[in-house]
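K.L.:
Dropping the structure in here first, questions after.
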2 protein chains.
Amino acid sequence: MSEKQCSMTIGVLAKASSMGVETIRYYQRRGLVAEPEKPYGSIRHYDEQALARLHFIRTAQWLGFSLDEIGELLKLEDGAHCDEARALGEQKLTSVRQKILSLQRIERALEELVQECCAQQGNVNCPLLASLHDGLEEKLGEGNARKRPAVNLS
Amino acid sequence: MSEKQCSMTIGVLAKASSMGVETIRYYQRRGLVAEPEKPYGSIRHYDEQALARLHFIRTAQWLGFSLDEIGELLKLEDGAHCDEARALGEQKLTSVRQKILSLQRIERALEELVQECCAQQGNVNCPLLASLHDGLEEKLGEGNARKRPAVNLS
DNA sequence: GTTACTCCCGTAGTCAGCTACGGAATCAAG
DNA sequence: CTTGATTCCGTAGCTGACTACGGGAGTAAC
């Protein structure tokens with residue numbers, strides 16, 4: 001179970017990790033995954049460790065770490081730098097919490113706008129569009145109106 | 001107060017809206033802001049309405065609307081399409097709420113990881129890094145492990 | 001009337017994280 | 001030994017929202 005065929009081509013590795021071949025090659029170029037030496041012929045072979053690393057990358061990515069930050073984490077990989085890893089985790093936690101707060105403010109504003117639209121059906125004046133024109137200061141309390149998107153909603 | 005100098009150059013408009021000149025020109029190219037005819041000479045002049053539109057764009061952007069979506073909203077601008085505007089608002093509200101849920105799951109996972117790191121200071125084995133290796137299935141309940149970043153934390 | 005700033009316009013570059021393309025080499029099956 | 005899939009490698013394209021550059025023209029101040 002922990003020792004499959006310790007020799008996958010990149011295509012097999014891609015399937016095993018459900019990533020694209022090109023993605024893995026991209027990670028190699030970024031230095032996140034080592035390129036194994038070409039053993040015989042000229043085709044590289046990958047082992048369980050490579051698969052584990054892809055797993056690591058994907059999990060960290062899910063937690064919101066960028067590829068650069070994942071690079072940092074991988075430098076601490078031996079487990080001896082718990083403090084640094086924790087610091088990175090705490091930073092990320094802070095940014096996640098800020099993002100949640102921003103989104104909750106946005107949620108409340110949108111909620112109100114949509115409700116107002118529901119309340120006065122049939123009227124010609126749309127309160128949602130009106131609020132976009134007039135700004136949302138009343139709805140948000142001053143100081144909350146940011147210049148740029150508070151959050152990337154993809 | 002509502003009628004300043006009804007004739008700003010793009011530079012003045014940029015300052016008034018605290019956007020860059022290039023940004024405004026970009027919005028013109030995208031069709032979000034009208035290019036006024038060149039009146040005398042060959043320099044365009046903008047009025048309060050242009051400023052209001054930039055305000056609209058920024059507020060909508062803060063709410064998480066993309067420039068494309070803002071284009072949609074602007075097509076409804078006369079206020080007669082309250083239903084469509086509300087529908088767009090509801091869609092956005094749904095995606096905001098999903099994003100909040102994702103972030104809260106991430107928050108919980110990070111919280112636990114950081115706490116474990118704090119709990120066993122001085123140990124060689126870092127539980128945060130270990131979890132990234134092993135995956136977070138235990139911490140998240142199966143089915144939550146997404147392939148790609150759940151959220152853009154910029 | 002000269003200097004210095006701003007505007008106009010098109011094009012191209014930036015960031016992140018991929019994704020695609022094209023041509024040569026290699027490998028496995030028949 | 002040929003066919004067809006896969007790999008290798010470099011380079012280029014994609015998305016979204018800007019941001020920068022370069023050269024020419026207009027405009028304002030002294």
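Identifiers in this document derive from the order of the structure tokens: chains are assigned A, B, ..., residues are numbered from 1 separately in each chain, and ligands are numbered from 1 in order of occurrence.
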Do me a favour and pick out the residues of chain C within 10 Å of chain B, using only C-alpha atoms (C1' of nucleotides), as a PDB file with all heavy atoms, in the first residue's frame.

P.N.:
```
ATOM      1  P    DT C   6       0.697  67.436 -14.710  1.00  0.00           P
ATOM      2  OP1  DT C   6      -0.072  67.875 -13.528  1.00  0.00           O
ATOM      3  OP2  DT C   6       1.674  66.334 -14.614  1.00  0.00           O
ATOM      4  O5'  DT C   6      -0.343  67.085 -15.864  1.00  0.00           O
ATOM      5  C5'  DT C   6      -1.289  68.074 -16.298  1.00  0.00           C
ATOM      6  C4'  DT C   6      -1.814  67.723 -17.672  1.00  0.00           C
ATOM      7  O4'  DT C   6      -0.754  67.766 -18.631  1.00  0.00           O
ATOM      8  C3'  DT C   6      -2.421  66.320 -17.783  1.00  0.00           C
ATOM      9  O3'  DT C   6      -3.819  66.472 -17.955  1.00  0.00           O
ATOM     10  C2'  DT C   6      -1.765  65.728 -19.023  1.00  0.00           C
ATOM     11  C1'  DT C   6      -1.157  66.947 -19.700  1.00  0.00           C
ATOM     12  N1   DT C   6       0.036  66.674 -20.544  1.00  0.00           N
ATOM     13  C2   DT C   6      -0.055  66.836 -21.912  1.00  0.00           C
ATOM     14  O2   DT C   6      -1.077  67.189 -22.472  1.00  0.00           O
ATOM     15  N3   DT C   6       1.098  66.566 -22.611  1.00  0.00           N
ATOM     16  C4   DT C   6       2.311  66.153 -22.080  1.00  0.00           C
ATOM     17  O4   DT C   6       3.267  65.947 -22.797  1.00  0.00           O
ATOM     18  C5   DT C   6       2.348  66.007 -20.647  1.00  0.00           C
ATOM     19  C7   DT C   6       3.604  65.572 -19.963  1.00  0.00           C
ATOM     20  C6   DT C   6       1.218  66.269 -19.946  1.00  0.00           C
ATOM     21  P    DC C   7      -4.783  65.201 -18.047  1.00  0.00           P
ATOM     22  OP1  DC C   7      -6.100  65.632 -17.552  1.00  0.00           O
ATOM     23  OP2  DC C   7      -4.079  64.047 -17.451  1.00  0.00           O
ATOM     24  O5'  DC C   7      -4.887  64.967 -19.622  1.00  0.00           O
ATOM     25  C5'  DC C   7      -5.408  65.995 -20.456  1.00  0.00           C
ATOM     26  C4'  DC C   7      -5.295  65.547 -21.898  1.00  0.00           C
ATOM     27  O4'  DC C   7      -3.908  65.468 -22.241  1.00  0.00           O
ATOM     28  C3'  DC C   7      -5.898  64.169 -22.184  1.00  0.00           C
ATOM     29  O3'  DC C   7      -6.928  64.326 -23.140  1.00  0.00           O
ATOM     30  C2'  DC C   7      -4.735  63.351 -22.720  1.00  0.00           C
ATOM     31  C1'  DC C   7      -3.729  64.416 -23.153  1.00  0.00           C
ATOM     32  N1   DC C   7      -2.298  64.003 -23.063  1.00  0.00           N
ATOM     33  C2   DC C   7      -1.517  63.889 -24.212  1.00  0.00           C
ATOM     34  O2   DC C   7      -2.031  64.116 -25.318  1.00  0.00           O
ATOM     35  N3   DC C   7      -0.216  63.524 -24.113  1.00  0.00           N
ATOM     36  C4   DC C   7       0.301  63.296 -22.906  1.00  0.00           C
ATOM     37  N4   DC C   7       1.587  62.955 -22.847  1.00  0.00           N
ATOM     38  C5   DC C   7      -0.471  63.415 -21.711  1.00  0.00           C
ATOM     39  C6   DC C   7      -1.756  63.768 -21.834  1.00  0.00           C
ATOM     40  P    DC C   8      -7.817  63.086 -23.523  1.00  0.00           P
ATOM     41  OP1  DC C   8      -9.112  63.596 -24.004  1.00  0.00           O
ATOM     42  OP2  DC C   8      -7.737  62.100 -22.428  1.00  0.00           O
ATOM     43  O5'  DC C   8      -7.035  62.497 -24.775  1.00  0.00           O
ATOM     44  C5'  DC C   8      -6.977  63.251 -25.980  1.00  0.00           C
ATOM     45  C4'  DC C   8      -6.252  62.436 -27.031  1.00  0.00           C
ATOM     46  O4'  DC C   8      -4.873  62.317 -26.636  1.00  0.00           O
ATOM     47  C3'  DC C   8      -6.771  61.017 -27.179  1.00  0.00           C
ATOM     48  O3'  DC C   8      -7.149  60.792 -28.523  1.00  0.00           O
ATOM     49  C2'  DC C   8      -5.612  60.123 -26.766  1.00  0.00           C
ATOM     50  C1'  DC C   8      -4.414  61.034 -26.963  1.00  0.00           C
ATOM     51  N1   DC C   8      -3.278  60.760 -26.054  1.00  0.00           N
ATOM     52  C2   DC C   8      -2.021  60.461 -26.592  1.00  0.00           C
ATOM     53  O2   DC C   8      -1.893  60.414 -27.816  1.00  0.00           O
ATOM     54  N3   DC C   8      -0.982  60.219 -25.764  1.00  0.00           N
ATOM     55  C4   DC C   8      -1.162  60.282 -24.445  1.00  0.00           C
ATOM     56  N4   DC C   8      -0.107  60.051 -23.661  1.00  0.00           N
ATOM     57  C5   DC C   8      -2.428  60.587 -23.871  1.00  0.00           C
ATOM     58  C6   DC C   8      -3.458  60.816 -24.709  1.00  0.00           C
TER      59       DC C   8
END
```

K.L.:
Using only C-alpha atoms (C1' of nucleotides), which residues sit within 12 Å of DC30 (chain D) once same-chain residues fewer than 6 positions away are excluded, as a compact mmCIF listing (two decimals) with all heavy atoms, in the first residue's frame?

P.N.:
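Result went into out.txt, see below:
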```txt
# COMPACT_ATOMS: atom_id res chain seq x y z
P DG C 1 7.64 84.02 -31.51
OP1 DG C 1 8.46 85.06 -32.17
OP2 DG C 1 7.58 82.67 -31.95
O5' DG C 1 8.04 84.23 -29.96
C5' DG C 1 9.40 84.09 -29.53
C4' DG C 1 9.50 82.87 -28.63
O4' DG C 1 8.51 82.94 -27.58
C3' DG C 1 9.21 81.53 -29.34
O3' DG C 1 9.95 80.52 -28.67
C2' DG C 1 7.75 81.28 -29.05
C1' DG C 1 7.71 81.75 -27.60
N9 DG C 1 6.39 82.05 -27.07
C8 DG C 1 5.21 82.23 -27.74
N7 DG C 1 4.21 82.49 -26.96
C5 DG C 1 4.77 82.45 -25.69
C6 DG C 1 4.18 82.64 -24.43
O6 DG C 1 3.01 82.91 -24.18
N1 DG C 1 5.11 82.53 -23.40
C2 DG C 1 6.45 82.25 -23.58
N2 DG C 1 7.18 82.16 -22.49
N3 DG C 1 7.00 82.08 -24.75
C4 DG C 1 6.11 82.18 -25.76
P DT C 2 11.35 80.13 -29.27
OP1 DT C 2 12.20 81.29 -29.62
OP2 DT C 2 11.07 79.13 -30.29
O5' DT C 2 11.99 79.43 -27.99
C5' DT C 2 12.10 80.19 -26.78
C4' DT C 2 11.63 79.41 -25.56
O4' DT C 2 10.24 79.66 -25.24
C3' DT C 2 11.77 77.89 -25.69
O3' DT C 2 12.26 77.44 -24.43
C2' DT C 2 10.34 77.43 -25.92
C1' DT C 2 9.62 78.40 -24.98
N1 DT C 2 8.14 78.56 -25.15
C2 DT C 2 7.37 78.76 -24.03
O2 DT C 2 7.82 78.83 -22.91
N3 DT C 2 6.03 78.92 -24.27
C4 DT C 2 5.40 78.86 -25.50
O4 DT C 2 4.18 79.01 -25.60
C5 DT C 2 6.25 78.63 -26.64
C7 DT C 2 5.69 78.53 -28.02
C6 DT C 2 7.57 78.48 -26.42
P DT C 3 13.21 76.15 -24.34
OP1 DT C 3 14.62 76.58 -24.31
OP2 DT C 3 12.74 75.18 -25.36
O5' DT C 3 12.82 75.59 -22.90
C5' DT C 3 12.50 76.52 -21.85
C4' DT C 3 11.34 76.01 -21.03
O4' DT C 3 10.07 76.28 -21.70
C3' DT C 3 11.35 74.49 -20.75
O3' DT C 3 11.31 74.32 -19.35
C2' DT C 3 10.10 73.98 -21.46
C1' DT C 3 9.20 75.21 -21.44
N1 DT C 3 8.10 75.29 -22.46
C2 DT C 3 6.84 75.66 -22.04
O2 DT C 3 6.57 75.91 -20.87
N3 DT C 3 5.89 75.73 -23.03
C4 DT C 3 6.09 75.46 -24.37
O4 DT C 3 5.16 75.56 -25.16
C5 DT C 3 7.42 75.07 -24.74
C7 DT C 3 7.74 74.75 -26.17
C6 DT C 3 8.37 74.99 -23.77
P DA C 4 11.66 72.96 -18.63
OP1 DA C 4 12.51 73.23 -17.44
OP2 DA C 4 12.10 72.02 -19.69
O5' DA C 4 10.23 72.51 -18.13
C5' DA C 4 9.40 73.43 -17.43
C4' DA C 4 8.00 72.85 -17.33
O4' DA C 4 7.27 73.08 -18.56
C3' DA C 4 8.00 71.33 -17.11
O3' DA C 4 7.02 71.05 -16.13
C2' DA C 4 7.59 70.78 -18.47
C1' DA C 4 6.66 71.88 -18.97
N9 DA C 4 6.48 71.93 -20.42
C8 DA C 4 7.40 71.63 -21.40
N7 DA C 4 6.94 71.76 -22.62
C5 DA C 4 5.63 72.19 -22.43
C6 DA C 4 4.60 72.50 -23.33
N6 DA C 4 4.74 72.45 -24.65
N1 DA C 4 3.40 72.88 -22.81
C2 DA C 4 3.27 72.94 -21.48
N3 DA C 4 4.17 72.65 -20.52
C4 DA C 4 5.33 72.28 -21.08
```

K.L.:
As a list in words, please: the residues near region 10-23 of chain D (cut-off 8 Å, only C-alpha atoms (C1' of nucleotides), same-chain neighbours under 3 positions excluded).

P.N.:
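After dropping sequence-adjacent residues, the list is Glu22, Thr23 and Tyr26 of chain B; DG13, DT14, DT19 and DA20 of chain C.
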
K.L.:
Just to confirm, what's the straight-line distance from CA of Pro127 (chain B) to CA of Leu103 (chain B) in Å (one decimal)?

P.N.:
21.2 Å

K.L.:
Grab the CA of Ala85 (chain A) to CA of Leu63 (chain A) distance for me, in Å with one decimal place.

P.N.:
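According to the coordinates, CA of Ala85 (chain A) and CA of Leu63 (chain A) are separated by 13.5 Å.
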
K.L.:
Record the distance separating CA of Arg105 (chain A) and CA of Cys126 (chain A), expressed in Å with one decimal.

P.N.:
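We find that CA of Arg105 (chain A) and CA of Cys126 (chain A) lie 21.4 Å from each other.
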
K.L.:
Do you know which residues are at most 12 Å from Leu32 (chain B) counting only C-alpha atoms (C1' of nucleotides), after dropping those on the same chain fewer than 2 positions away, and could you put them as a list in words?

P.N.:
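The residues that qualify are Thr23, Ile24, Arg25, Tyr26, Tyr27, Gln28, Arg29, Arg30, Ala34, Glu35, Ala50, Arg53, Leu54, His55, Phe56, Ile57, Arg58, Ser66, Leu67, Asp68, Glu69, Ile70, Gly71, Glu72, Leu73, Leu74, Lys75 and Glu77 of chain B.
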
K.L.:
Excluding Arg108 (chain A) and its own-chain neighbours fewer than 5 positions away, which residues fall within 12 Å of it when counting only C-alpha atoms (C1' of nucleotides)? Please give them as a count of residues only.

P.N.:
17

K.L.:
Could you tell me which of B:Leu13, B:Glu116, B:Met19, B:Asp134 comes closest to chain D if we count only C-alpha atoms (C1' of nucleotides)?

P.N.:
B:Met19

K.L.:
Kindly determine which residues of chain D lie within 8 Å of chain A, considering only C-alpha atoms (C1' of nucleotides), and give the answer as a PyMOL selection string.

P.N.:
chain D and resi 6-8

K.L.:
Using backbone DSSP assignments, extract all helix (DSSP H, G or I) residues from chain A; output them as an MDAnalysis selection string.

P.N.:
chainID A and resid 10:17 21:30 48:62 67:75 82:119 127:134 137:140

K.L.:
Go ahead and dump the residues you just picked, C-alpha atoms, as a CSV table (one decimal), in the first residue's frame.

P.N.:
```csv
chain,number,residue,atom,x,y,z
A,10,ILE,CA,5.0,11.5,-15.8
A,11,GLY,CA,1.8,10.5,-17.4
A,12,VAL,CA,1.0,7.8,-14.8
A,13,LEU,CA,2.0,10.2,-12.1
A,14,ALA,CA,-0.4,12.8,-13.5
A,15,LYS,CA,-3.2,10.3,-13.4
A,16,ALA,CA,-2.3,9.1,-9.9
A,17,SER,CA,-2.4,12.7,-8.7
A,21,VAL,CA,1.2,16.4,-17.1
A,22,GLU,CA,1.8,20.0,-18.0
A,23,THR,CA,1.0,21.1,-14.5
A,24,ILE,CA,3.6,18.7,-13.0
A,25,ARG,CA,6.1,20.0,-15.5
A,26,TYR,CA,5.2,23.5,-14.5
A,27,TYR,CA,5.9,22.7,-10.8
A,28,GLN,CA,9.2,21.2,-11.8
A,29,ARG,CA,10.1,24.5,-13.6
A,30,ARG,CA,9.1,26.4,-10.5
A,48,GLU,CA,5.9,7.5,-4.3
A,49,GLN,CA,7.7,10.5,-2.9
A,50,ALA,CA,6.9,12.6,-5.9
A,51,LEU,CA,3.3,11.6,-5.6
A,52,ALA,CA,3.4,12.6,-1.9
A,53,ARG,CA,4.8,16.0,-2.8
A,54,LEU,CA,2.1,16.6,-5.3
A,55,HIS,CA,-0.4,15.7,-2.6
A,56,PHE,CA,1.3,18.2,-0.2
A,57,ILE,CA,1.1,20.9,-2.8
A,58,ARG,CA,-2.5,20.4,-3.5
A,59,THR,CA,-3.5,20.3,0.2
A,60,ALA,CA,-1.5,23.5,0.9
A,61,GLN,CA,-3.1,25.1,-2.1
A,62,TRP,CA,-6.5,24.2,-0.8
A,67,LEU,CA,2.8,28.4,-4.9
A,68,ASP,CA,5.5,30.7,-3.6
A,69,GLU,CA,4.4,30.1,-0.1
A,70,ILE,CA,4.3,26.4,-0.7
A,71,GLY,CA,7.9,26.7,-1.8
A,72,GLU,CA,8.6,28.2,1.6
A,73,LEU,CA,6.8,25.4,3.4
A,74,LEU,CA,8.7,22.8,1.4
A,75,LYS,CA,12.0,24.3,2.5
A,82,CYS,CA,8.0,23.9,13.4
A,83,ASP,CA,8.1,27.5,14.5
A,84,GLU,CA,8.5,28.8,10.9
A,85,ALA,CA,5.7,26.6,9.7
A,86,ARG,CA,3.4,27.7,12.5
A,87,ALA,CA,4.2,31.3,11.7
A,88,LEU,CA,3.2,30.9,8.1
A,89,GLY,CA,0.1,29.1,9.2
A,90,GLU,CA,-0.8,31.9,11.5
A,91,GLN,CA,-0.3,34.5,8.8
A,92,LYS,CA,-2.6,32.6,6.5
A,93,LEU,CA,-5.1,32.2,9.3
A,94,THR,CA,-5.2,35.9,9.8
A,95,SER,CA,-5.7,36.6,6.2
A,96,VAL,CA,-8.4,34.0,6.0
A,97,ARG,CA,-10.2,35.6,8.9
A,98,GLN,CA,-10.0,39.0,7.4
A,99,LYS,CA,-11.3,37.7,4.1
A,100,ILE,CA,-14.3,36.1,6.0
A,101,LEU,CA,-15.1,39.4,7.7
A,102,SER,CA,-15.0,41.3,4.3
A,103,LEU,CA,-17.2,38.7,2.8
A,104,GLN,CA,-19.7,38.9,5.6
A,105,ARG,CA,-19.9,42.6,5.2
A,106,ILE,CA,-20.5,42.1,1.5
A,107,GLU,CA,-23.1,39.5,2.3
A,108,ARG,CA,-25.0,41.8,4.6
A,109,ALA,CA,-25.0,44.6,2.0
A,110,LEU,CA,-26.1,42.3,-0.8
A,111,GLU,CA,-28.7,40.8,1.4
A,112,GLU,CA,-30.3,44.1,2.1
A,113,LEU,CA,-30.2,45.2,-1.5
A,114,VAL,CA,-31.8,42.0,-2.7
A,115,GLN,CA,-34.5,42.2,0.0
A,116,GLU,CA,-35.3,45.8,-0.9
A,117,CYS,CA,-35.7,44.7,-4.5
A,118,CYS,CA,-38.1,42.0,-3.4
A,119,ALA,CA,-40.1,44.3,-1.2
A,127,PRO,CA,-33.1,50.2,-5.2
A,128,LEU,CA,-30.2,47.9,-5.9
A,129,LEU,CA,-29.0,50.0,-8.9
A,130,ALA,CA,-29.8,53.2,-7.0
A,131,SER,CA,-27.6,52.0,-4.1
A,132,LEU,CA,-24.8,51.3,-6.5
A,133,HIS,CA,-25.1,54.8,-7.8
A,134,ASP,CA,-25.3,56.5,-4.4
A,137,GLU,CA,-22.1,54.3,2.9
A,138,GLU,CA,-25.4,54.1,4.8
A,139,LYS,CA,-25.5,50.4,4.6
A,140,LEU,CA,-21.9,49.8,5.6
```

K.L.:
Which one of B:Ser18, B:Ser7, B:Asn125, B:Gln120 sits closest to chain A if you count only C-alpha atoms?

P.N.:
B:Asn125
